[in-house]
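So the structure is just underneath, and the comments pick up after that.
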Amino acid sequence: MQNHQNGFQNGFFILFVVIACAVTGRAHGDAAATRGTRAPRSDVARAEWVAMLREAYSRPSAEWPPPHCDPAVTWREFGLLSAVKHPADNPHSPAKEQLGKALFFEPRLSASGEMACASCHDPDLAWADGRTVSFGHLRKPLARNAPTIRNVAFQESLFWDGRALSIEDQVEAVLLNPAEMHVTREHVVSVLSQSATYRELFAWAFGDRKITFDRTAQALACFQRTVVGGHSRFDRFLAGDREVLNDQELIGLDLFRREARCMNCHHGPLLADGQFHDLGLSYYGRSLEDLGRFEVTHEAADVGRFRTPSLRDVTRTRPLMHNGLFELSGVLAMYNVGMVAIKRQAHQHDDPLFPVKSPLLKPLGLNRQDLADLEAFLGTLEEPRRRVRPPPAAPK
């Protein structure tokens, strides 16, 4: 009975999203205004608006119109990505990067011998995998969507719940997770030690042929820190080419900063605040329940909170959200209505773990043109496609 009830609730949730998208998509004119959705601008008004924005955003970013952020939010202006800083205990070298790249595409690092890091973080798929959720050991579906590893060098915590504080920790967690790579430290050392090629690569990277699990994690982390972006059209805009954005994209930028309130969570060079927020998507008490950050901290306030993802390359790393259930247009539509508010059932009245949606989420009243403009701006964050060829497989 519980399974049937959960299925109904999950279906109702998706139906709500579809209705929300439809309402925000078709609302326009005077009728839209009565429903809280602002009327679209006329062609003349839109042209005048563009002219005003061209002048405003031609100035240095410190003089741009201030964003619409809540008082408690400490926001950072958009900016170019900085140079990557490698940690002192795992400095970069070309040899270590080359070793890490070989290991990244190495399926022998998995218990099945068929999975590699690149299985879930494919460079041809913007370093993600394009799936709702990834496949793990023996092709069993995992619980969450695989985020891109591009720009992980700039992130303070990793995984949707932030349980890893370094890329080295992230590598170790994935390798040893029974649901993912499903290996032991001993397995990794044994497999790599049997290869003369890897013995040579480790010698070049570390000065001797000793192969250890920790060195394996360091090399993989070193390579991942080299997977960075910063070549999008928006980066060109930030660098001074103010004409690279067309009118729709420029309007979308202004909407993103102001009326759409996106900069409450998506700001700075990564377009992410590095914090954890509850968007109402925990499916609390239902079959798709995911408690998010709570599983790490065990603090009631963290139930349903997930790390804010970077919006760089967002148009190429779909589907979106921690559960991979949404496309970009649907996400924008949900934000427009203030996201999902889970209501307590009778049996949850005194539940101390019942999730509380972020107060940063509010209905926006954007019309269909606004949402299209926002999506157009987000498209400017896309990195150019560059093929990354896997290195030749090391002989066994």
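So you can find residues: chains in the structure tokens are A, B, ... in the order shown, residues in each start at 1, and ligands are numbered from 1 in order.
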If you run DSSP on this backbone, which residues of region 128-243 of chain A come out as alpha helix (DSSP H), and could you give them as a count of residues only? 48
Select from region 203-258 of chain A every residue with an atom at most 12 Å from any atom of region 364-367 of chain A, then for each give the shortest pair of atoms and their distance in Å to one decimal, using only C-alpha atoms, rows by chain and rising number, as a Markdown table.
```
| residue | atom | partner | partner_atom | distance |
| --- | --- | --- | --- | --- |
| A:Gly252 | CA | A:Leu366 | CA | 11.6 |
| A:Leu255 | CA | A:Leu366 | CA | 9.4 |
| A:Phe256 | CA | A:Leu366 | CA | 11.3 |
| A:Arg258 | CA | A:Leu364 | CA | 10.6 |
```
Got a sec: who's within 10 Å of region 115-120 of chain A, counting only C-alpha atoms, leaving out chain neighbours fewer than 2 positions off, as a PyMOL selection string? chain A and resi 101+103-113+122-125+127-131+133-139+145-149+171+174-175+180-182+220+390
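Of the residues under consideration (A:Ile211, A:Leu328, A:Leu201, A:Val227), A:Ile211 shows the shortest atom-to-atom contact distance to His187 (chain A) when counting only C-alpha atoms.
Minimum atom-to-atom distance to Ala143 (chain A), evaluated using only C-alpha atoms, belongs to A:Leu288 out of A:Asn90, A:Arg368, A:Leu288, A:Ala300.
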Tell me which protein, DNA and RNA residues are within 10 Å of Trp160 (chain A), counting only C-alpha atoms, leaving out same-chain ones fewer than 6 positions away, and put them as a ChimeraX atom specification. /A:144-147,276,292-293,305-309,321-323
Distance criterion (only C-alpha atoms): nearest to Gln345 (chain A) out of A:Thr184, A:Ala153, A:Glu243, A:Gly285: A:Gly285
Run DSSP on the backbone and give me the residues of region 152-313 of chain A it puts in strand (DSSP E or B), as a ChimeraX atom specification. /A:158,164,276-278,292,305-307
Could the residues in this selection be written to a file with C-alpha atoms, as a compact mmCIF listing (two decimals), in the first residue's frame?
```
# COMPACT_ATOMS: atom_id res chain seq x y z
CA LEU A 158 32.30 18.10 -3.71
CA ALA A 164 34.29 15.58 0.24
CA PHE A 276 23.59 24.27 0.53
CA HIS A 277 19.93 25.07 0.01
CA ASP A 278 16.60 23.27 0.21
CA GLY A 292 20.89 15.60 1.05
CA ARG A 305 19.71 20.78 1.30
CA PHE A 306 22.01 20.28 -1.69
CA ARG A 307 25.08 22.12 -2.90
```
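Nearest to Gln369 (chain A) of all the residues A:Glu77, A:Glu114, A:Glu249, A:Glu156 is A:Glu249, counting only C-alpha atoms.
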